[in-house]
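Dumped structure-v5.cif below, it's mmCIF, C-alpha atoms:
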```
data_structure
loop_
_atom_site.group_PDB
_atom_site.id
_atom_site.type_symbol
_atom_site.label_atom_id
_atom_site.label_comp_id
_atom_site.auth_asym_id
_atom_site.auth_seq_id
_atom_site.Cartn_x
_atom_site.Cartn_y
_atom_site.Cartn_z
ATOM 1 C CA MET R 21 20.759 7.649 38.966
ATOM 2 C CA THR R 22 19.133 4.482 37.727
ATOM 3 C CA ARG R 23 21.349 1.398 37.703
ATOM 4 C CA THR R 24 19.262 -0.426 35.110
ATOM 5 C CA ILE R 25 20.317 -0.492 31.450
ATOM 6 C CA VAL R 26 18.176 -1.949 28.686
ATOM 7 C CA PHE R 27 20.340 -3.183 25.793
ATOM 8 C CA ILE R 28 18.379 -3.173 22.517
ATOM 9 C CA HIS R 29 19.784 -5.432 19.819
ATOM 10 C CA GLY R 30 19.712 -4.685 16.118
ATOM 11 C CA ALA R 31 18.821 -6.539 12.942
ATOM 12 C CA TRP R 32 20.348 -9.913 12.022
ATOM 13 C CA VAL R 33 21.246 -10.862 15.596
ATOM 14 C CA THR R 34 19.668 -12.143 18.807
ATOM 15 C CA PRO R 35 20.199 -10.673 22.300
ATOM 16 C CA ASP R 36 23.143 -13.080 22.656
ATOM 17 C CA SER R 37 25.073 -10.567 20.545
ATOM 18 C CA TRP R 38 25.477 -8.578 23.813
ATOM 19 C CA ASP R 39 27.237 -11.381 25.688
ATOM 20 C CA VAL R 40 30.723 -9.894 25.308
ATOM 21 C CA PHE R 41 29.860 -6.199 25.486
ATOM 22 C CA ARG R 42 27.699 -6.396 28.598
ATOM 23 C CA ALA R 43 30.432 -7.806 30.866
ATOM 24 C CA PRO R 44 31.949 -4.447 31.965
ATOM 25 C CA PHE R 45 28.458 -3.097 32.708
ATOM 26 C CA ASP R 46 27.662 -6.137 34.854
ATOM 27 C CA ALA R 47 30.991 -5.672 36.643
ATOM 28 C CA ALA R 48 30.224 -1.984 37.245
ATOM 29 C CA GLY R 49 27.055 -2.925 39.108
ATOM 30 C CA TYR R 50 24.449 -2.161 36.467
ATOM 31 C CA GLU R 51 21.434 -4.406 36.048
ATOM 32 C CA VAL R 52 21.621 -5.228 32.337
ATOM 33 C CA LEU R 53 18.408 -6.316 30.610
ATOM 34 C CA THR R 54 18.474 -7.639 27.027
ATOM 35 C CA PRO R 55 14.927 -7.974 25.686
ATOM 36 C CA ALA R 56 14.406 -9.651 22.337
ATOM 37 C CA TRP R 57 12.345 -8.336 19.445
ATOM 38 C CA PRO R 58 8.970 -9.987 18.776
ATOM 39 C CA PHE R 59 9.450 -13.474 17.275
ATOM 40 C CA VAL R 60 13.145 -13.427 18.189
ATOM 41 C CA GLY R 61 12.338 -14.134 21.812
ATOM 42 C CA GLN R 62 9.864 -16.894 20.973
ATOM 43 C CA HIS R 63 12.031 -18.802 18.490
ATOM 44 C CA GLY R 64 15.637 -19.928 18.758
ATOM 45 C CA PRO R 65 18.302 -19.027 16.152
ATOM 46 C CA ALA R 66 18.190 -22.500 14.586
ATOM 47 C CA GLU R 67 14.430 -22.295 14.071
ATOM 48 C CA LEU R 68 14.526 -18.729 12.743
ATOM 49 C CA ASN R 69 17.268 -19.655 10.287
ATOM 50 C CA ALA R 70 15.632 -22.872 9.126
ATOM 51 C CA ASN R 71 11.961 -21.934 9.149
ATOM 52 C CA PRO R 72 11.096 -18.358 10.207
ATOM 53 C CA PRO R 73 7.418 -17.681 10.998
ATOM 54 C CA ALA R 74 5.379 -16.619 7.986
ATOM 55 C CA THR R 75 4.753 -13.136 9.393
ATOM 56 C CA PHE R 76 8.316 -12.483 10.582
ATOM 57 C CA GLY R 77 9.373 -10.808 7.335
ATOM 58 C CA GLY R 78 6.608 -8.221 7.707
ATOM 59 C CA LEU R 79 7.489 -7.263 11.280
ATOM 60 C CA SER R 80 7.411 -3.460 11.419
ATOM 61 C CA ILE R 81 9.545 -0.896 13.201
ATOM 62 C CA VAL R 82 6.503 0.469 15.043
ATOM 63 C CA ARG R 83 5.500 -2.958 16.318
ATOM 64 C CA ILE R 84 9.001 -3.569 17.653
ATOM 65 C CA ALA R 85 9.059 -0.122 19.294
ATOM 66 C CA ASP R 86 5.626 -0.724 20.861
ATOM 67 C CA TYR R 87 6.800 -4.071 22.219
ATOM 68 C CA LEU R 88 9.937 -2.545 23.741
ATOM 69 C CA GLN R 89 8.016 0.414 25.161
ATOM 70 C CA THR R 90 5.700 -1.962 27.015
ATOM 71 C CA PHE R 91 8.732 -3.787 28.423
ATOM 72 C CA ILE R 92 10.435 -0.552 29.514
ATOM 73 C CA GLU R 93 7.369 1.046 31.072
ATOM 74 C CA ALA R 94 6.829 -2.047 33.230
ATOM 75 C CA LEU R 95 10.182 -1.454 34.979
ATOM 76 C CA PRO R 96 10.232 0.222 38.424
ATOM 77 C CA GLU R 97 12.003 3.329 37.096
ATOM 78 C CA PRO R 98 13.029 4.722 33.704
ATOM 79 C CA PRO R 99 16.186 2.864 32.661
ATOM 80 C CA ILE R 100 19.166 3.897 30.600
ATOM 81 C CA LEU R 101 18.757 2.693 27.005
ATOM 82 C CA LEU R 102 21.617 1.366 24.882
ATOM 83 C CA GLY R 103 20.908 0.364 21.291
ATOM 84 C CA HIS R 104 23.081 -0.934 18.472
ATOM 85 C CA SER R 105 22.345 -0.568 14.745
ATOM 86 C CA PHE R 106 18.566 -0.856 14.274
ATOM 87 C CA GLY R 107 18.449 -0.982 18.050
ATOM 88 C CA GLY R 108 19.912 2.532 17.931
ATOM 89 C CA LEU R 109 17.079 3.697 15.685
ATOM 90 C CA LEU R 110 14.556 2.057 18.019
ATOM 91 C CA THR R 111 16.239 3.701 21.010
ATOM 92 C CA GLN R 112 15.833 7.154 19.457
ATOM 93 C CA MET R 113 12.178 6.390 18.726
ATOM 94 C CA LEU R 114 11.702 5.347 22.356
ATOM 95 C CA LEU R 115 13.350 8.533 23.607
ATOM 96 C CA ASP R 116 10.948 10.441 21.365
ATOM 97 C CA ARG R 117 8.082 8.680 23.172
ATOM 98 C CA GLY R 118 9.454 9.735 26.545
ATOM 99 C CA CYS R 119 10.998 6.383 27.496
ATOM 100 C CA GLY R 120 14.339 6.129 29.265
ATOM 101 C CA SER R 121 16.396 8.416 31.478
ATOM 102 C CA ALA R 122 19.382 8.612 29.089
ATOM 103 C CA ALA R 123 20.600 6.729 26.046
ATOM 104 C CA VAL R 124 23.562 5.567 23.997
ATOM 105 C CA VAL R 125 23.142 4.611 20.347
ATOM 106 C CA LEU R 126 26.000 2.681 18.761
ATOM 107 C CA ASN R 127 26.252 3.226 14.990
ATOM 108 C CA PRO R 128 22.472 3.676 14.709
ATOM 109 C CA ALA R 129 20.333 2.943 11.666
ATOM 110 C CA PRO R 130 19.022 6.248 10.282
ATOM 111 C CA ILE R 131 16.020 8.009 11.747
ATOM 112 C CA GLY R 132 13.492 9.425 9.286
ATOM 113 C CA GLY R 133 14.792 12.335 7.229
ATOM 114 C CA LEU R 134 18.418 11.176 7.021
ATOM 115 C CA VAL R 135 19.669 10.164 3.581
ATOM 116 C CA PRO R 136 22.005 7.128 3.567
ATOM 117 C CA GLY R 137 25.321 7.530 1.795
ATOM 118 C CA PRO R 138 26.519 5.396 -1.133
ATOM 119 C CA SER R 139 27.967 2.610 1.019
ATOM 120 C CA ALA R 140 24.720 2.176 2.946
ATOM 121 C CA TRP R 141 22.650 2.137 -0.259
ATOM 122 C CA ARG R 142 24.924 -0.526 -1.741
ATOM 123 C CA ALA R 143 24.545 -2.637 1.385
ATOM 124 C CA ILE R 144 20.734 -2.528 1.480
ATOM 125 C CA ALA R 145 20.030 -2.552 -2.275
ATOM 126 C CA PRO R 146 19.780 -6.378 -2.482
ATOM 127 C CA ILE R 147 17.170 -6.240 0.295
ATOM 128 C CA LEU R 148 15.084 -3.462 -1.236
ATOM 129 C CA LEU R 149 15.116 -4.837 -4.777
ATOM 130 C CA ARG R 150 13.705 -8.289 -3.970
ATOM 131 C CA LEU R 151 10.224 -9.193 -5.154
ATOM 132 C CA ASN R 152 7.824 -8.641 -2.227
ATOM 133 C CA GLY R 153 10.912 -7.937 -0.135
ATOM 134 C CA TRP R 154 9.000 -5.930 2.464
ATOM 135 C CA ASN R 155 7.200 -9.096 3.565
ATOM 136 C CA ARG R 156 10.153 -11.483 3.432
ATOM 137 C CA PRO R 157 13.000 -12.050 5.895
ATOM 138 C CA TYR R 158 16.531 -11.433 4.668
ATOM 139 C CA LYS R 159 19.466 -13.512 5.862
ATOM 140 C CA PHE R 160 23.147 -12.673 5.523
ATOM 141 C CA THR R 161 25.419 -15.336 4.121
ATOM 142 C CA ARG R 162 28.564 -15.922 6.169
ATOM 143 C CA GLU R 163 30.575 -14.100 3.480
ATOM 144 C CA ARG R 164 28.272 -11.083 3.408
ATOM 145 C CA PHE R 165 28.074 -10.892 7.203
ATOM 146 C CA GLY R 166 31.850 -10.864 7.438
ATOM 147 C CA ARG R 167 32.291 -8.379 4.609
ATOM 148 C CA LEU R 168 29.628 -5.827 5.614
ATOM 149 C CA PHE R 169 28.773 -6.288 9.277
ATOM 150 C CA ALA R 170 31.965 -7.592 10.894
ATOM 151 C CA ASN R 171 34.670 -6.489 8.469
ATOM 152 C CA ALA R 172 37.106 -5.491 11.245
ATOM 153 C CA ALA R 173 36.770 -8.774 13.160
ATOM 154 C CA PRO R 174 39.033 -11.819 12.749
ATOM 155 C CA PRO R 175 37.517 -14.796 10.889
ATOM 156 C CA ALA R 176 37.229 -16.912 14.046
ATOM 157 C CA THR R 177 35.129 -14.236 15.758
ATOM 158 C CA VAL R 178 32.922 -13.909 12.698
ATOM 159 C CA ASP R 179 32.486 -17.688 12.496
ATOM 160 C CA GLU R 180 31.478 -17.940 16.158
ATOM 161 C CA ALA R 181 28.983 -15.078 15.923
ATOM 162 C CA TYR R 182 27.461 -16.411 12.721
ATOM 163 C CA ALA R 183 26.987 -19.848 14.255
ATOM 164 C CA ARG R 184 25.606 -18.647 17.600
ATOM 165 C CA TYR R 185 23.302 -15.695 17.043
ATOM 166 C CA VAL R 186 23.077 -14.434 13.456
ATOM 167 C CA ILE R 187 19.488 -14.749 12.199
ATOM 168 C CA PRO R 188 17.363 -13.374 9.336
ATOM 169 C CA ALA R 189 16.017 -9.835 9.630
ATOM 170 C CA PRO R 190 12.492 -8.656 8.778
ATOM 171 C CA GLY R 191 12.538 -7.192 5.273
ATOM 172 C CA LYS R 192 9.950 -4.578 6.189
ATOM 173 C CA ILE R 193 12.189 -2.639 8.557
ATOM 174 C CA PHE R 194 14.698 -1.896 5.786
ATOM 175 C CA HIS R 195 11.992 -0.556 3.495
ATOM 176 C CA GLN R 196 10.656 1.584 6.321
ATOM 177 C CA ALA R 197 14.087 2.955 7.189
ATOM 178 C CA ALA R 198 14.935 3.657 3.545
ATOM 179 C CA PHE R 199 11.664 5.472 2.845
ATOM 180 C CA TRP R 200 11.191 7.167 6.261
ATOM 181 C CA SER R 201 8.022 5.244 7.062
ATOM 182 C CA GLY R 202 7.344 5.277 10.785
ATOM 183 C CA THR R 203 10.923 6.235 11.697
ATOM 184 C CA GLY R 204 10.539 9.978 12.200
ATOM 185 C CA ILE R 205 11.283 11.707 15.495
ATOM 186 C CA ASP R 206 11.065 15.267 16.808
ATOM 187 C CA PRO R 207 14.305 16.224 18.592
ATOM 188 C CA ALA R 208 12.476 19.148 20.222
ATOM 189 C CA ARG R 209 10.776 16.596 22.493
ATOM 190 C CA ARG R 210 13.951 14.969 23.808
ATOM 191 C CA THR R 211 15.241 16.084 27.198
ATOM 192 C CA GLN R 212 17.284 12.968 28.042
ATOM 193 C CA PRO R 213 21.082 12.923 27.509
ATOM 194 C CA LEU R 214 22.153 11.052 24.378
ATOM 195 C CA LEU R 215 25.493 9.718 23.137
ATOM 196 C CA ILE R 216 25.846 8.733 19.455
ATOM 197 C CA THR R 217 28.792 6.739 18.114
ATOM 198 C CA GLY R 218 30.297 6.050 14.711
ATOM 199 C CA GLY R 219 32.976 3.697 13.433
ATOM 200 C CA THR R 220 35.367 4.693 10.670
ATOM 201 C CA GLU R 221 35.274 1.219 9.064
ATOM 202 C CA ASP R 222 31.511 0.683 9.304
ATOM 203 C CA ARG R 223 30.186 -0.409 5.890
ATOM 204 C CA LEU R 224 26.523 -0.525 6.941
ATOM 205 C CA ILE R 225 26.108 2.645 8.988
ATOM 206 C CA SER R 226 28.894 4.894 7.809
ATOM 207 C CA PRO R 227 30.301 7.684 10.011
ATOM 208 C CA TYR R 228 28.482 10.036 7.637
ATOM 209 C CA LEU R 229 25.153 8.663 8.891
ATOM 210 C CA SER R 230 26.189 8.711 12.544
ATOM 211 C CA ARG R 231 27.308 12.325 12.250
ATOM 212 C CA ALA R 232 24.057 13.195 10.463
ATOM 213 C CA ALA R 233 22.131 11.714 13.398
ATOM 214 C CA TYR R 234 24.178 13.852 15.767
ATOM 215 C CA ARG R 235 23.569 17.004 13.759
ATOM 216 C CA ARG R 236 19.818 16.344 13.913
ATOM 217 C CA GLN R 237 19.780 15.400 17.582
ATOM 218 C CA ARG R 238 21.979 18.221 18.860
ATOM 219 C CA HIS R 239 19.029 20.605 18.438
ATOM 220 C CA ALA R 240 17.190 18.772 21.241
ATOM 221 C CA PRO R 241 16.822 20.348 24.692
ATOM 222 C CA GLY R 242 18.615 17.328 26.123
ATOM 223 C CA PRO R 243 22.447 17.181 25.967
ATOM 224 C CA THR R 244 23.886 15.377 22.947
ATOM 225 C CA ASP R 245 27.390 13.937 22.478
ATOM 226 C CA TYR R 246 29.137 12.236 19.594
ATOM 227 C CA VAL R 247 32.248 10.058 19.434
ATOM 228 C CA GLU R 248 33.850 8.255 16.512
ATOM 229 C CA PHE R 249 35.991 5.152 16.967
ATOM 230 C CA PRO R 250 38.860 4.683 14.490
ATOM 231 C CA GLY R 251 39.209 1.247 12.948
ATOM 232 C CA ARG R 252 35.814 -0.004 14.149
ATOM 233 C CA SER R 253 33.232 -1.685 11.938
ATOM 234 C CA HIS R 254 29.525 -2.223 12.559
ATOM 235 C CA PHE R 255 30.506 -5.082 14.875
ATOM 236 C CA LEU R 256 32.127 -2.740 17.390
ATOM 237 C CA ILE R 257 30.374 -4.526 20.283
ATOM 238 C CA THR R 258 32.415 -7.710 19.795
ATOM 239 C CA GLU R 259 35.384 -7.160 17.476
ATOM 240 C CA PRO R 260 38.881 -6.443 18.874
ATOM 241 C CA GLY R 261 38.842 -3.125 20.697
ATOM 242 C CA TRP R 262 35.264 -3.499 21.953
ATOM 243 C CA GLU R 263 36.564 -2.783 25.470
ATOM 244 C CA GLU R 264 37.449 0.782 24.447
ATOM 245 C CA VAL R 265 33.881 1.331 23.270
ATOM 246 C CA ALA R 266 32.359 -0.140 26.434
ATOM 247 C CA ASN R 267 34.681 1.824 28.712
ATOM 248 C CA TYR R 268 33.939 5.063 26.868
ATOM 249 C CA VAL R 269 30.213 4.472 27.334
ATOM 250 C CA LEU R 270 30.675 3.680 31.027
ATOM 251 C CA ASP R 271 32.749 6.820 31.495
ATOM 252 C CA TRP R 272 30.147 8.897 29.657
ATOM 253 C CA LEU R 273 27.405 7.509 31.860
ATOM 254 C CA GLY R 274 29.440 8.182 34.963
ATOM 255 C CA ARG R 275 30.181 11.821 34.243
ATOM 256 C CA ALA R 276 27.217 12.741 32.075
ATOM 257 C CA VAL R 277 24.271 11.015 33.651
ATOM 258 C CA ALA R 278 25.299 10.922 37.309
ATOM 259 C CA ALA R 279 26.200 14.616 37.140
ATOM 260 C CA ARG R 280 23.115 15.623 35.179
ATOM 261 C CA PRO R 281 22.343 18.382 34.327
ATOM 262 C CA GLY R 282 26.048 19.162 34.014
ATOM 263 C CA LEU R 283 26.708 17.103 30.884
ATOM 264 C CA ILE R 284 29.369 18.556 28.586
ATOM 265 C CA ARG R 285 28.076 19.019 25.068
ATOM 266 C CA SER R 286 30.125 17.939 22.064
ATOM 267 C CA ASN R 287 31.678 20.504 19.800
ATOM 268 C CA ALA R 288 29.595 21.210 16.670
ATOM 269 C CA LEU R 289 30.446 19.089 13.663
#
```

Would you mind writing the structure in this file as structure tokens?
Amino acid sequence: MTRTIVFIHGAWVTPDSWDVFRAPFDAAGYEVLTPAWPFVGQHGPAELNANPPATFGGLSIVRIADYLQTFIEALPEPPILLGHSFGGLLTQMLLDRGCGSAAVVLNPAPIGGLVPGPSAWRAIAPILLRLNGWNRPYKFTRERFGRLFANAAPPATVDEAYARYVIPAPGKIFHQAAFWSGTGIDPARRTQPLLITGGTEDRLISPYLSRAAYRRQRHAPGPTDYVEFPGRSHFLITEPGWEEVANYVLDWLGRAVAARPGLIRSNAL
């Protein structure tokens, strides 16, 4: 089994968002790689917040996926992929392209064909309704980040995250996700094991969306599992209780990937 894991960050954050969550994987002997999206790796958080590049707002899902695919295919062997939020959507797109030996997607943004529920529409409406919003970056205020992204985290944790690694997100990716532009996959092509998670308190990617992703993906030839974490918000990689999430993923990798093809499938939802 490969001992390399590529962590794929989501919208509104830099790869530093993995600093807490990666620790148990480092301790378990995995080589953890945390590539940045285009622009994010070339510009620091302060610069992106103060003066994002003119073309950053129009960064597309496909361009990000292409960039990550090039990174992954340059590795000595197919790694495990672990994506959060929009990183979870990108991870499923990469699996669809044949990248990766197995994957975990934490509260993933919806793949093409999934209809967001009311809470998700309310969260992204201000982004979609802006004039020329598909070409403009969108930044969370501290209040909105705490209320929608990290609503189960204590204020001090939210403050630290917002100061260290919260950045604007390309407006285009939200339009593409909402209108299924470039985000479609064909589960019939996936043979790699996949674990999908949801959080009961997630106000961006509701458990409804995570379960919908599972229902779509369980038709793949590759094994598919789903787990839902009570009391967790979208910030489940850092908020209190993140250790339970990380340990579950490590356990899943240990029994599901190392023992492949003997992975136990989830019960139908």

Review point. Could you list as JSON, numbers by chain every residue that has an atom within 9 Å of (15.7, -11.7, 4.3), using the file's coordinates and counting only C-alpha atoms?
Key: {"R": [77, 147, 153, 155, 156, 157, 158, 159, 160, 188, 189, 190, 191]}

**Study point:** d(atom CA of Phe91 of chain R, atom CA of Pro65 of chain R) in Å
**Key:**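 Going from atom CA of Phe91 of chain R over to atom CA of Pro65 of chain R, I get 21.8 Å.
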
Check your understanding: In Å, how far is it from atom CA of Gly218 of chain R to atom CA of Ser230 of chain R?
Key ->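 Answer for the atom CA of Gly218 of chain R to atom CA of Ser230 of chain R separation: 5.4 Å.
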
**Study point:** Two-atom distance - atom CA of Arg209 of chain R, atom CA of Ile25 of chain R (Å)
**Key:**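 Computed distance, atom CA of Arg209 of chain R to atom CA of Ile25 of chain R, equals 21.5 Å.
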
Practice item. Just the residues within 9 Å of Phe41 of chain R, please, counting only C-alpha atoms, with nothing from its chain fewer than 6 positions along; format it as number ranges by chain. Key: R: 257-258, 262-263, 265-266

Review point. Which residue gives the smallest distance to Ser226 of chain R among R:Ala47, R:Ala143, R:Ile131, R:Ala208, with only C-alpha atoms counted?
Key: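 When distances to Ser226 of chain R are compared using only C-alpha atoms, the smallest one comes from R:Ala143.
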
Point to revise | Residue with smallest distance to Leu79 of chain R - pool R:Arg162, R:Arg235, R:His195, R:Arg223, counting all atoms listed in the file | key: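 Of R:Arg162, R:Arg235, R:His195, R:Arg223, the one nearest Leu79 of chain R, counting all atoms listed in the file, is R:His195.
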
Practice item. Identify which of the residues R:Pro213, R:Gly64, R:Pro128, R:Gly137 lies closest to Ile100 of chain R, counting all atoms listed in the file when measuring atom-to-atom distances. Key: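 The closest residue to Ile100 of chain R is R:Pro213.
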
Practice item. Go through the shown structure with the PyMOL selection byres ((chain R and resi 110-118) around 8) and write out the matching residues as a list in words. Key: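 That expression, the PyMOL selection byres ((chain R and resi 110-118) around 8), corresponds here to Ile28, Ile81, Ile84, Ala85, Gln89, Leu101, Leu102, Gly103, Phe106, Gly107, Gly108, Leu109, Cys119, Gly120, Ala123, Val125, Ile131, Thr203, Gly204, Ile205, Asp206, Pro207, Arg209, Arg210 and Gln212 of chain R.
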
Exercise for review: Anything within 6 Å of (10.3, -2.0, 9.1): list those residues as a VMD selection string, counting only C-alpha atoms and sticking to the file's coordinates.
Suggested key: chain R and resid 80 to 81 192 to 194 196

Practice item. Find the spatial neighbours of Leu215 of chain R, counting all atoms listed in the file, within a cut-off of 8 Å - ignore same-chain residues fewer than 4 positions away - and output them as a VMD selection string. Key: chain R and resid 123 to 125 244 to 247

**Study point:** Best match for closeness to Pro98 of chain R among R:Pro55, R:Leu151, R:Glu67, R:Thr24, counting all atoms listed in the file
**Key:**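 Smallest distance to Pro98 of chain R is found for R:Thr24.
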